[in-house]
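Asks: Below you'll find final38.cif; it's mmCIF, C-alpha atoms.
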```cif
data_start
loop_
_atom_site.label_atom_id
_atom_site.label_comp_id
_atom_site.auth_asym_id
_atom_site.auth_seq_id
_atom_site.Cartn_x
_atom_site.Cartn_y
_atom_site.Cartn_z
CA MET A 1 -35.59 3.23 -5.47
CA LYS A 2 -32.81 5.80 -5.34
CA LEU A 3 -29.75 5.56 -3.08
CA ILE A 4 -27.72 8.73 -2.70
CA VAL A 5 -24.14 7.70 -1.98
CA SER A 6 -23.25 10.89 -0.09
CA ASP A 7 -26.23 10.36 2.25
CA ILE A 8 -25.11 6.83 3.06
CA VAL A 9 -21.33 7.15 3.48
CA SER A 10 -18.97 9.93 4.52
CA GLY A 11 -16.39 9.02 1.89
CA THR A 12 -15.87 6.86 -1.17
CA PHE A 13 -12.35 5.67 -0.48
CA SER A 14 -12.32 2.99 2.21
CA ASN A 15 -13.39 -0.64 2.47
CA ALA A 16 -15.49 0.28 5.50
CA ASP A 17 -17.51 2.87 3.58
CA GLY A 18 -17.82 0.48 0.63
CA LEU A 19 -19.26 -2.17 2.90
CA VAL A 20 -21.85 0.28 4.26
CA LEU A 21 -22.96 1.06 0.69
CA LYS A 22 -23.01 -2.64 -0.18
CA LEU A 23 -25.40 -3.32 2.71
CA ALA A 24 -27.66 -0.47 1.59
CA ILE A 25 -27.70 -1.75 -2.02
CA ASP A 26 -28.36 -5.29 -0.86
CA LYS A 27 -31.32 -4.19 1.25
CA ALA A 28 -32.69 -2.02 -1.56
CA LEU A 29 -32.41 -4.86 -4.09
CA ALA A 30 -34.23 -7.18 -1.73
CA ASP A 31 -37.16 -4.76 -1.57
CA ASN A 32 -37.18 -3.33 -5.09
CA GLU A 33 -36.89 -4.59 -8.65
CA GLN A 34 -34.71 -1.65 -9.65
CA VAL A 35 -32.22 0.44 -7.66
CA THR A 36 -30.55 3.64 -8.86
CA ILE A 37 -27.37 4.84 -7.20
CA SER A 38 -26.86 8.60 -7.26
CA PHE A 39 -23.24 9.75 -7.24
CA GLU A 40 -24.19 13.37 -6.67
CA GLY A 41 -21.19 15.30 -5.33
CA VAL A 42 -18.85 12.32 -5.73
CA SER A 43 -15.77 12.98 -7.83
CA SER A 44 -13.65 9.90 -7.18
CA LEU A 45 -13.88 6.30 -5.97
CA SER A 46 -11.12 4.02 -4.78
CA SER A 47 -10.75 0.41 -5.85
CA SER A 48 -11.13 -0.65 -2.20
CA PHE A 49 -14.46 1.17 -1.97
CA LEU A 50 -15.65 -0.45 -5.20
CA ASN A 51 -14.40 -3.90 -4.20
CA SER A 52 -16.40 -3.72 -0.98
CA SER A 53 -19.56 -2.28 -2.55
CA ILE A 54 -20.19 -2.98 -6.24
CA GLY A 55 -17.75 -5.90 -6.29
CA GLU A 56 -19.40 -7.62 -3.35
CA ILE A 57 -22.86 -7.09 -4.84
CA PHE A 58 -21.65 -8.58 -8.13
CA GLU A 59 -20.26 -11.62 -6.33
CA GLN A 60 -23.53 -12.05 -4.46
CA TYR A 61 -26.00 -11.56 -7.32
CA GLY A 62 -23.95 -12.26 -10.45
CA LYS A 63 -24.29 -10.40 -13.74
CA ASP A 64 -27.63 -11.99 -14.61
CA GLY A 65 -29.09 -11.10 -11.24
CA LEU A 66 -28.13 -7.43 -11.64
CA GLN A 67 -28.71 -6.67 -15.32
CA SER A 68 -31.09 -3.72 -15.68
CA ARG A 69 -31.70 -3.78 -11.92
CA LEU A 70 -28.78 -1.59 -10.81
CA LYS A 71 -28.42 1.84 -12.40
CA MET A 72 -26.44 4.98 -11.72
CA THR A 73 -27.26 8.67 -12.04
CA ASN A 74 -25.81 12.10 -11.18
CA TYR A 75 -22.35 10.97 -12.14
CA THR A 76 -19.46 12.87 -13.66
CA PRO A 77 -17.80 11.38 -16.75
CA THR A 78 -14.87 10.46 -14.50
CA VAL A 79 -17.04 8.55 -12.04
CA LEU A 80 -18.81 6.80 -14.93
CA ASN A 81 -15.43 5.78 -16.37
CA ILE A 82 -14.20 4.49 -13.01
CA VAL A 83 -17.34 2.41 -12.49
CA LYS A 84 -17.42 1.08 -16.05
CA LYS A 85 -13.72 0.22 -15.99
CA TYR A 86 -14.29 -1.55 -12.70
CA THR A 87 -17.31 -3.56 -13.87
CA SER A 88 -15.46 -4.59 -17.02
CA THR A 89 -12.72 -6.12 -14.87
CA LEU A 90 -15.41 -7.91 -12.85
CA TYR A 91 -16.74 -9.46 -16.07
CA ALA A 92 -13.22 -10.42 -17.10
CA SER A 93 -12.43 -12.08 -13.78
CA ALA A 94 -15.80 -13.87 -13.74
CA CYS A 95 -15.18 -15.46 -17.16
CA MET B 1 25.58 9.41 29.11
CA LYS B 2 26.17 9.72 25.40
CA ILE B 3 23.07 10.59 23.38
CA LYS B 4 22.66 9.77 19.70
CA THR B 5 22.09 12.80 17.50
CA ILE B 6 20.33 12.33 14.19
CA GLU B 7 20.99 15.16 11.78
CA VAL B 8 17.96 15.82 9.58
CA VAL B 9 19.25 16.58 6.10
CA ASP B 10 17.22 17.88 3.15
CA PHE B 11 18.62 15.39 0.67
CA ASN B 12 18.04 15.96 -3.03
CA ASN B 13 19.55 12.62 -3.94
CA ILE B 14 17.21 9.67 -3.32
CA GLY B 15 20.05 7.21 -2.72
CA ASP B 16 21.57 9.41 0.00
CA HIS B 17 18.15 9.85 1.58
CA ILE B 18 17.53 6.08 1.63
CA LYS B 19 20.93 5.50 3.17
CA TRP B 20 20.17 8.12 5.84
CA VAL B 21 16.86 6.43 6.73
CA PHE B 22 18.51 3.00 6.76
CA LEU B 23 21.32 4.06 9.06
CA ASN B 24 19.08 5.92 11.49
CA ARG B 25 16.39 3.30 12.10
CA VAL B 26 15.90 2.06 15.68
CA ASN B 27 17.34 -1.36 14.85
CA LYS B 28 20.59 0.27 13.68
CA LEU B 29 21.13 2.14 16.93
CA ASP B 30 24.23 1.03 18.80
CA LYS B 31 22.67 0.47 22.20
CA LYS B 32 26.02 -0.10 23.89
CA LYS B 33 27.30 3.24 22.67
CA TYR B 34 23.97 5.02 23.31
CA PRO B 35 22.33 3.21 26.23
CA GLY B 36 19.91 6.03 27.10
CA LYS B 37 16.40 6.16 25.75
CA VAL B 38 16.87 9.63 24.28
CA ILE B 39 17.46 10.76 20.71
CA ASN B 40 18.48 14.24 19.67
CA LEU B 41 16.97 15.29 16.37
CA SER B 42 19.02 18.14 15.00
CA PHE B 43 17.96 20.36 12.10
CA SER B 44 21.18 22.30 11.68
CA PHE B 45 21.65 20.91 8.14
CA SER B 46 18.04 21.43 7.09
CA ARG B 47 17.25 24.25 4.73
CA PHE B 48 14.44 23.21 2.39
CA LEU B 49 12.52 20.25 3.74
CA LYS B 50 9.95 18.77 1.36
CA PRO B 51 7.05 16.34 1.90
CA TYR B 52 9.26 13.40 0.90
CA HIS B 53 11.62 14.33 3.73
CA ILE B 54 8.80 14.83 6.22
CA THR B 55 6.94 11.52 5.94
CA PRO B 56 9.97 9.22 6.49
CA LEU B 57 11.06 11.56 9.29
CA ALA B 58 7.63 11.22 10.93
CA CYS B 59 7.86 7.42 10.64
CA LEU B 60 11.35 7.51 12.11
CA VAL B 61 10.26 9.64 15.06
CA HIS B 62 7.18 7.47 15.59
CA GLU B 63 9.36 4.35 15.55
CA TYR B 64 11.63 5.75 18.28
CA LEU B 65 8.66 6.93 20.34
CA ALA B 66 7.02 3.50 20.00
CA SER B 67 10.27 1.93 21.22
CA GLY B 68 10.20 4.05 24.36
CA TYR B 69 12.59 6.82 23.32
CA ILE B 70 12.23 10.50 24.07
CA ILE B 71 12.86 12.80 21.12
CA LYS B 72 14.61 16.08 21.78
CA TYR B 73 14.56 18.59 18.94
CA LYS B 74 17.75 20.60 18.56
CA ASN B 75 19.22 23.38 16.43
CA ILE B 76 16.03 24.24 14.59
CA PRO B 77 16.47 27.30 12.37
CA PHE B 78 13.59 29.76 12.68
CA HIS B 79 12.23 29.12 9.18
CA ILE B 80 12.28 25.35 9.75
CA GLN B 81 10.53 25.75 13.10
CA GLU B 82 7.90 27.89 11.38
CA TYR B 83 7.52 25.32 8.60
CA LEU B 84 7.20 22.36 10.99
CA ASP B 85 4.74 24.29 13.15
CA SER B 86 2.60 25.06 10.10
CA PHE B 87 1.55 21.43 9.83
CA HIS B 88 1.74 20.53 13.54
CA PHE B 89 4.74 18.24 13.19
CA PHE B 90 5.66 18.38 16.87
CA GLN B 91 2.12 17.75 18.07
CA LEU B 92 1.76 14.64 15.95
CA THR B 93 5.10 13.15 16.84
CA SER B 94 4.72 13.81 20.55
CA ASN B 95 1.30 12.17 20.62
CA PRO B 96 1.08 9.66 17.74
CA ALA B 97 -2.46 8.57 18.53
CA TYR B 98 -3.94 12.02 17.95
CA ASN B 99 -4.89 12.66 14.35
CA ASP B 100 -7.57 15.31 14.23
CA PHE B 101 -5.85 18.58 13.57
CA PRO B 102 -7.10 22.04 12.76
CA TYR B 103 -6.18 23.49 9.41
CA PRO B 104 -2.56 24.57 9.18
CA THR B 105 -1.35 28.12 9.52
CA ASP B 106 0.00 28.01 5.98
CA CYS B 107 -2.79 27.58 3.44
CA LYS B 108 -0.45 25.76 1.04
CA THR B 109 0.19 22.89 3.43
CA LEU B 110 -2.16 20.36 4.95
CA PRO B 111 -1.30 18.83 8.32
CA LEU B 112 0.79 15.73 8.47
CA TRP B 113 -1.59 12.80 8.90
CA LEU B 114 -1.05 9.47 10.49
CA ILE B 115 -2.52 6.71 8.33
CA ASP B 116 -5.30 4.99 10.22
CA LYS B 117 -8.77 3.81 9.19
CA ASN B 118 -10.13 7.28 9.78
CA ALA B 119 -7.48 8.81 7.54
CA ILE B 120 -8.30 6.49 4.64
CA SER B 121 -11.91 7.61 4.73
CA LEU B 122 -11.28 11.32 5.24
CA TYR B 123 -7.84 12.45 4.11
CA PRO B 124 -8.07 12.02 0.30
CA GLY B 125 -11.34 13.94 0.13
CA ARG B 126 -10.02 16.60 2.49
CA VAL B 127 -6.89 17.12 0.37
CA GLN B 128 -9.01 17.50 -2.74
CA LYS B 129 -11.45 19.92 -1.13
CA TYR B 130 -8.73 21.94 0.58
CA TYR B 131 -6.75 22.69 -2.55
CA GLU B 132 -9.82 23.13 -4.74
CA ASP B 133 -11.30 25.60 -2.23
CA ASN B 134 -8.06 27.55 -1.72
CA PHE B 135 -6.47 27.53 -5.15
CA PHE B 136 -8.37 25.71 -7.87
CA SER B 137 -12.06 26.47 -7.53
CA ASP B 138 -12.78 25.58 -11.17
CA ARG B 139 -10.53 22.50 -11.24
CA ASN B 140 -11.02 18.92 -10.21
CA LEU B 141 -8.36 17.27 -8.11
CA HIS B 142 -10.06 13.87 -8.16
CA LEU B 143 -6.95 12.23 -9.63
CA LEU B 144 -4.97 13.31 -6.57
CA SER B 145 -7.58 12.13 -4.06
CA GLY B 146 -8.09 8.91 -6.03
CA SER B 147 -4.36 8.14 -6.02
CA LEU B 148 -4.00 9.02 -2.36
CA SER B 149 -6.88 6.75 -1.42
CA GLU B 150 -5.22 3.82 -3.20
CA LEU B 151 -1.89 4.53 -1.50
CA LEU B 152 -3.41 4.84 1.97
CA ASN B 153 -5.40 1.63 1.50
CA ASN B 154 -2.19 -0.10 0.40
CA VAL B 155 -0.38 1.00 3.55
CA PHE B 156 -3.22 -0.14 5.74
CA ASP B 157 -3.89 -3.45 3.99
CA HIS B 158 -0.43 -4.61 2.90
CA SER B 159 2.44 -2.93 4.71
CA ASN B 160 2.37 -5.08 7.87
CA SER B 161 4.09 -2.20 9.60
CA ARG B 162 4.42 -2.20 13.36
CA ILE B 163 3.89 1.56 13.36
CA PRO B 164 1.41 3.55 11.26
CA GLY B 165 2.49 5.29 8.08
CA TYR B 166 2.27 9.02 7.41
CA THR B 167 1.05 11.19 4.58
CA PHE B 168 1.69 14.82 3.79
CA THR B 169 0.71 17.14 0.94
CA GLN B 170 2.04 20.54 0.03
CA HIS B 171 1.41 23.06 -2.72
CA ASN B 172 4.31 25.08 -4.06
CA THR B 173 2.82 28.14 -5.74
CA THR B 174 6.11 29.35 -7.17
CA ASN B 175 6.64 26.33 -9.41
CA ASN B 176 2.97 25.24 -9.71
CA ARG B 177 3.49 21.88 -8.07
CA ILE B 178 1.53 19.82 -5.58
CA ILE B 179 3.71 17.24 -3.89
CA THR B 180 2.10 14.45 -1.95
CA SER B 181 4.04 11.85 -0.04
CA VAL B 182 2.98 8.60 1.63
CA CYS B 183 5.44 6.57 3.68
CA ASP B 184 5.40 3.45 5.81
CA PHE B 185 8.04 1.37 7.55
CA GLY B 186 6.42 -1.93 6.66
CA VAL B 187 7.70 -5.03 4.92
CA GLY B 188 8.05 -3.32 1.52
CA ILE B 189 6.30 -4.21 -1.74
CA PRO B 190 9.08 -6.26 -3.41
CA ARG B 191 9.71 -8.35 -0.33
CA LYS B 192 6.01 -9.01 0.19
CA ILE B 193 5.51 -10.09 -3.42
CA LYS B 194 8.68 -12.17 -3.48
CA GLU B 195 7.52 -14.10 -0.43
CA PHE B 196 4.03 -14.54 -1.88
CA LYS B 197 5.28 -15.79 -5.26
CA LYS B 198 7.73 -18.16 -3.64
CA SER B 199 5.19 -19.62 -1.23
CA THR B 200 2.32 -19.92 -3.74
CA GLU B 201 4.05 -20.67 -7.06
CA ASN B 202 7.62 -21.44 -6.01
CA ILE B 203 8.77 -18.63 -8.29
CA ILE B 204 11.79 -16.62 -7.26
CA LEU B 205 11.76 -12.99 -8.32
CA SER B 206 14.32 -10.26 -7.90
CA GLU B 207 13.16 -7.19 -5.99
CA THR B 208 13.09 -5.24 -9.24
CA GLU B 209 10.90 -7.85 -10.92
CA ALA B 210 8.62 -8.00 -7.90
CA LEU B 211 8.04 -4.25 -7.76
CA LYS B 212 7.48 -4.12 -11.52
CA GLU B 213 4.90 -6.90 -11.21
CA ALA B 214 3.11 -5.07 -8.39
CA ILE B 215 2.86 -1.81 -10.28
CA GLU B 216 2.41 -2.92 -13.86
CA THR B 217 0.08 -5.91 -13.51
CA LYS B 218 -3.17 -6.33 -11.62
CA PHE B 219 -1.41 -8.33 -8.97
CA SER B 220 -2.71 -9.00 -5.48
CA THR B 221 -1.26 -10.87 -2.55
CA LYS B 222 -4.84 -11.03 -1.19
CA SER B 223 -3.75 -9.47 2.08
CA THR B 224 -7.44 -8.91 2.79
CA PRO B 225 -10.47 -10.57 1.16
CA HIS B 226 -11.31 -7.29 -0.59
CA ASN B 227 -7.98 -6.94 -2.41
CA LYS B 228 -8.12 -7.50 -6.13
CA GLY B 229 -4.94 -5.81 -7.29
CA ARG B 230 -6.47 -2.79 -8.98
CA GLY B 231 -4.96 -0.07 -6.81
CA TRP B 232 -1.66 0.44 -8.60
CA ASP B 233 -3.36 0.29 -11.98
CA ASN B 234 -5.53 3.23 -10.89
CA ILE B 235 -2.56 5.17 -9.51
CA VAL B 236 -0.54 4.73 -12.70
CA SER B 237 -3.54 5.71 -14.87
CA ASN B 238 -4.12 8.82 -12.75
CA VAL B 239 -0.45 9.81 -12.83
CA LYS B 240 -0.26 9.43 -16.60
CA ALA B 241 -3.56 11.26 -17.16
CA ILE B 242 -2.18 14.49 -15.68
CA ARG B 243 1.45 13.96 -16.67
CA ALA B 244 2.50 13.79 -13.03
CA LYS B 245 5.70 12.26 -11.73
CA LEU B 246 5.55 9.13 -9.59
CA ILE B 247 8.42 7.94 -7.45
CA VAL B 248 8.12 4.65 -5.59
CA ILE B 249 10.88 3.59 -3.24
CA SER B 250 10.47 0.18 -1.67
CA ASN B 251 13.13 -2.13 -0.27
CA SER B 252 16.13 -1.67 -2.56
CA VAL B 253 14.23 -0.56 -5.67
CA ASN B 254 13.20 2.79 -7.06
CA TYR B 255 10.45 2.90 -9.69
CA VAL B 256 9.85 6.20 -11.45
CA ILE B 257 7.25 7.32 -13.97
CA PHE B 258 8.26 10.63 -15.50
CA PRO B 259 5.73 13.22 -16.74
CA ASN B 260 6.38 12.13 -20.35
CA GLY B 261 5.34 8.58 -19.43
CA GLU B 262 8.85 7.15 -19.44
CA VAL B 263 9.43 4.48 -16.79
CA ARG B 264 12.80 3.87 -15.15
CA MET B 265 13.89 1.58 -12.37
CA TYR B 266 16.96 1.91 -10.18
CA ASP B 267 18.55 -0.29 -7.54
CA PHE B 268 19.92 0.95 -4.23
CA SER B 269 22.68 -0.54 -2.18
CA TYR B 270 20.66 0.18 0.96
CA ASN B 271 17.31 -1.30 1.82
CA PHE B 272 14.44 1.05 2.57
CA HIS B 273 12.50 -1.17 4.92
CA GLY B 274 9.08 0.00 3.90
CA THR B 275 7.64 2.05 1.06
CA SER B 276 7.81 5.72 0.20
CA VAL B 277 5.68 7.10 -2.62
CA VAL B 278 5.86 10.64 -3.94
CA ILE B 279 3.53 12.10 -6.56
CA THR B 280 4.38 15.49 -8.01
CA ILE B 281 1.61 17.19 -9.97
CA ASP B 282 2.01 20.16 -12.26
CA THR B 283 -1.10 22.12 -11.26
CA ARG B 284 -1.43 23.53 -14.78
CA GLN B 285 -2.30 20.00 -15.94
CA ILE B 286 -5.27 19.65 -13.60
CA SER B 287 -8.52 19.29 -15.52
CA TYR B 288 -11.57 21.48 -15.10
CA LYS B 289 -14.56 20.42 -13.04
CA GLU B 290 -17.03 18.22 -14.88
CA PRO B 291 -20.81 18.65 -14.91
CA GLU B 292 -22.86 15.74 -13.58
CA GLU B 293 -24.98 13.71 -15.98
CA ILE B 294 -28.51 13.13 -14.75
CA ASP B 295 -29.59 10.35 -17.09
CA GLU B 296 -29.68 6.82 -15.75
CA VAL B 297 -27.31 4.15 -17.06
CA ASP B 298 -26.97 0.48 -16.24
CA ILE B 299 -24.05 -0.35 -13.97
CA PHE B 300 -24.01 -3.95 -15.24
#
```
Could you express the structure from this file as structure tokens?

Replies:
Amino acid sequence: MKLIVSDIVSGTFSNADGLVLKLAIDKALADNEQVTISFEGVSSLSSSFLNSSIGEIFEQYGKDGLQSRLKMTNYTPTVLNIVKKYTSTLYASAC
Amino acid sequence: MKIKTIEVVDFNNIGDHIKWVFLNRVNKLDKKKYPGKVINLSFSFSRFLKPYHITPLACLVHEYLASGYIIKYKNIPFHIQEYLDSFHFFQLTSNPAYNDFPYPTDCKTLPLWLIDKNAISLYPGRVQKYYEDNFFSDRNLHLLSGSLSELLNNVFDHSNSRIPGYTFTQHNTTNNRIITSVCDFGVGIPRKIKEFKKSTENIILSETEALKEAIETKFSTKSTPHNKGRGWDNIVSNVKAIRAKLIVISNSVNYVIFPNGEVRMYDFSYNFHGTSVVITIDTRQISYKEPEEIDEVDIF
């Protein structure tokens, strides 16, 4: 299943928008083995948005529960870097 | 009845500016000398106001309005009136709750925005789109919007201010600079961290040490459950990536990152009760837009 971020939230900067995305990811993961998040048209993400979306999902499912299940597409190199840097800090704090 | 007149001055020296803010706050007003609930705001000494003058001024005006004062604007030179009108300064300060403004009359300046939940969601993206559409169609201002989003979230989550903060962004085409300023009259970063460290670890920090810890380590006071202390790390990375200049003024400390990456800290003799952040970007350093990759990669 594909979730297009810009269809779900109006911005990628606030906790409130992050929480809306988190709920959408959570629902999609409940119904599907694999979920792909499209960052089409997104050029930046705040740490608050990531904390409330990807971070919350990580806390809920854990790394093992998400491996190969959550993917991203239509991302710029910058967005990929932001997400990867963020997930690496999640791993670090989980250890 | 004697009325207090605050002279708005376009300070170039940060220390003088901090002192001016300190001395003109509501709590410093001599209510015996000035018993009326009126403040004159005079612009007779203003020549070249910049975003870092505007945001503390907006907070100051908002603070007086919230305390029941009427603000009377005096001695406004024509060019200053024109400048203030271009970003709806008077509209915002006369009605602080209203935040949805049309585009300004000057395409180099975005309206002054009050920092509320709506602003956090919309303003960073709007700044990016506005300047990309008007000046940098092939460039990507994501580092500006990313930094602004972190700063606005910080104000909202951590400042504990009784009044909202303000943000303002302006493009100077003559020297190729975008200046963005975010200001709040909250508790201040050093004071907040000092109190947190003392209460949780019984560690006593100086204000300088506290601000350094906030900016240079992934430190969080966990003001909200979502906070994980990554905001300043992102801001500093963004600033360094485009060789921008970052100035943070909070309580009695000034933290500066220069375009060459050098970091300096200064102490003030006056306390800026709150936080003022200014980022100055050389627009020639802004990177080009990036194509999107369509392949799928694992997030975890």

Asks: Would you work out the distance separating atom CA of B:Glu82 from atom CA of B:Ala66, expressed in Å to one decimal?

Replies: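 Going from atom CA of B:Glu82 over to atom CA of B:Ala66, I get 25.9 Å.
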
Asks: Apply the PyMOL selection byres ((chain A) within 6 of (chain B)) to the structure shown and report the selected residues as a CSV table (one decimal) with C-alpha atoms, in the frame of the given file.

Replies:
```csv
chain,number,residue,atom,x,y,z
A,11,GLY,CA,-16.4,9.0,1.9
A,13,PHE,CA,-12.4,5.7,-0.5
A,14,SER,CA,-12.3,3.0,2.2
A,43,SER,CA,-15.8,13.0,-7.8
A,44,SER,CA,-13.6,9.9,-7.2
A,46,SER,CA,-11.1,4.0,-4.8
A,47,SER,CA,-10.8,0.4,-5.8
A,51,ASN,CA,-14.4,-3.9,-4.2
A,67,GLN,CA,-28.7,-6.7,-15.3
A,68,SER,CA,-31.1,-3.7,-15.7
A,70,LEU,CA,-28.8,-1.6,-10.8
A,71,LYS,CA,-28.4,1.8,-12.4
A,72,MET,CA,-26.4,5.0,-11.7
A,73,THR,CA,-27.3,8.7,-12.0
A,74,ASN,CA,-25.8,12.1,-11.2
A,75,TYR,CA,-22.4,11.0,-12.1
A,76,THR,CA,-19.5,12.9,-13.7
```

Asks: Please list as a list in words every residue within 10 Å of A:Lys63, counting only C-alpha atoms and excluding residues in the same chain fewer than 4 positions away.

Replies: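 With the cut-off at 10 Å, the set is Ile57, Phe58, Glu59, Gln67, Ser68, Thr87, Leu90, Tyr91 and Ala94 of chain A; Phe300 of chain B.
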
Asks: Determine the residue membership of the PyMOL selection byres ((chain A and resi 34) around 7) for the file above and supply it as an MDAnalysis selection string.

Replies: chainID A and resid 1 29 32:33 35:36 69:70

Asks: Using Å and a single decimal, report how far atom CA of B:Ser159 sits from atom CA of A:Glu56.

Replies: 23.7 Å

Asks: For the file shown, report as a tab-separated table (two decimals) with C-alpha atoms, keeping the file's coordinate frame the outcome of the PyMOL selection byres ((chain B and resi 242) around 9) at residue level.

Replies:
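This went into part_28.tsv:
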```tsv
chain	number	residue	atom	x	y	z
B	143	LEU	CA	-6.95	12.23	-9.63
B	237	SER	CA	-3.54	5.71	-14.87
B	238	ASN	CA	-4.12	8.82	-12.75
B	239	VAL	CA	-0.45	9.81	-12.83
B	240	LYS	CA	-0.26	9.43	-16.60
B	241	ALA	CA	-3.56	11.26	-17.16
B	243	ARG	CA	1.45	13.96	-16.67
B	244	ALA	CA	2.50	13.79	-13.03
B	259	PRO	CA	5.73	13.22	-16.74
B	281	ILE	CA	1.61	17.19	-9.97
B	282	ASP	CA	2.01	20.16	-12.26
B	283	THR	CA	-1.10	22.12	-11.26
B	285	GLN	CA	-2.30	20.00	-15.94
B	286	ILE	CA	-5.27	19.65	-13.60
B	287	SER	CA	-8.52	19.29	-15.52
```

Asks: Can you work out the spacing between atom CA of B:His79 and atom CA of B:Leu65 in Å, to one decimal?

Replies: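 Distance reported for this atom pair: 25.1 Å.
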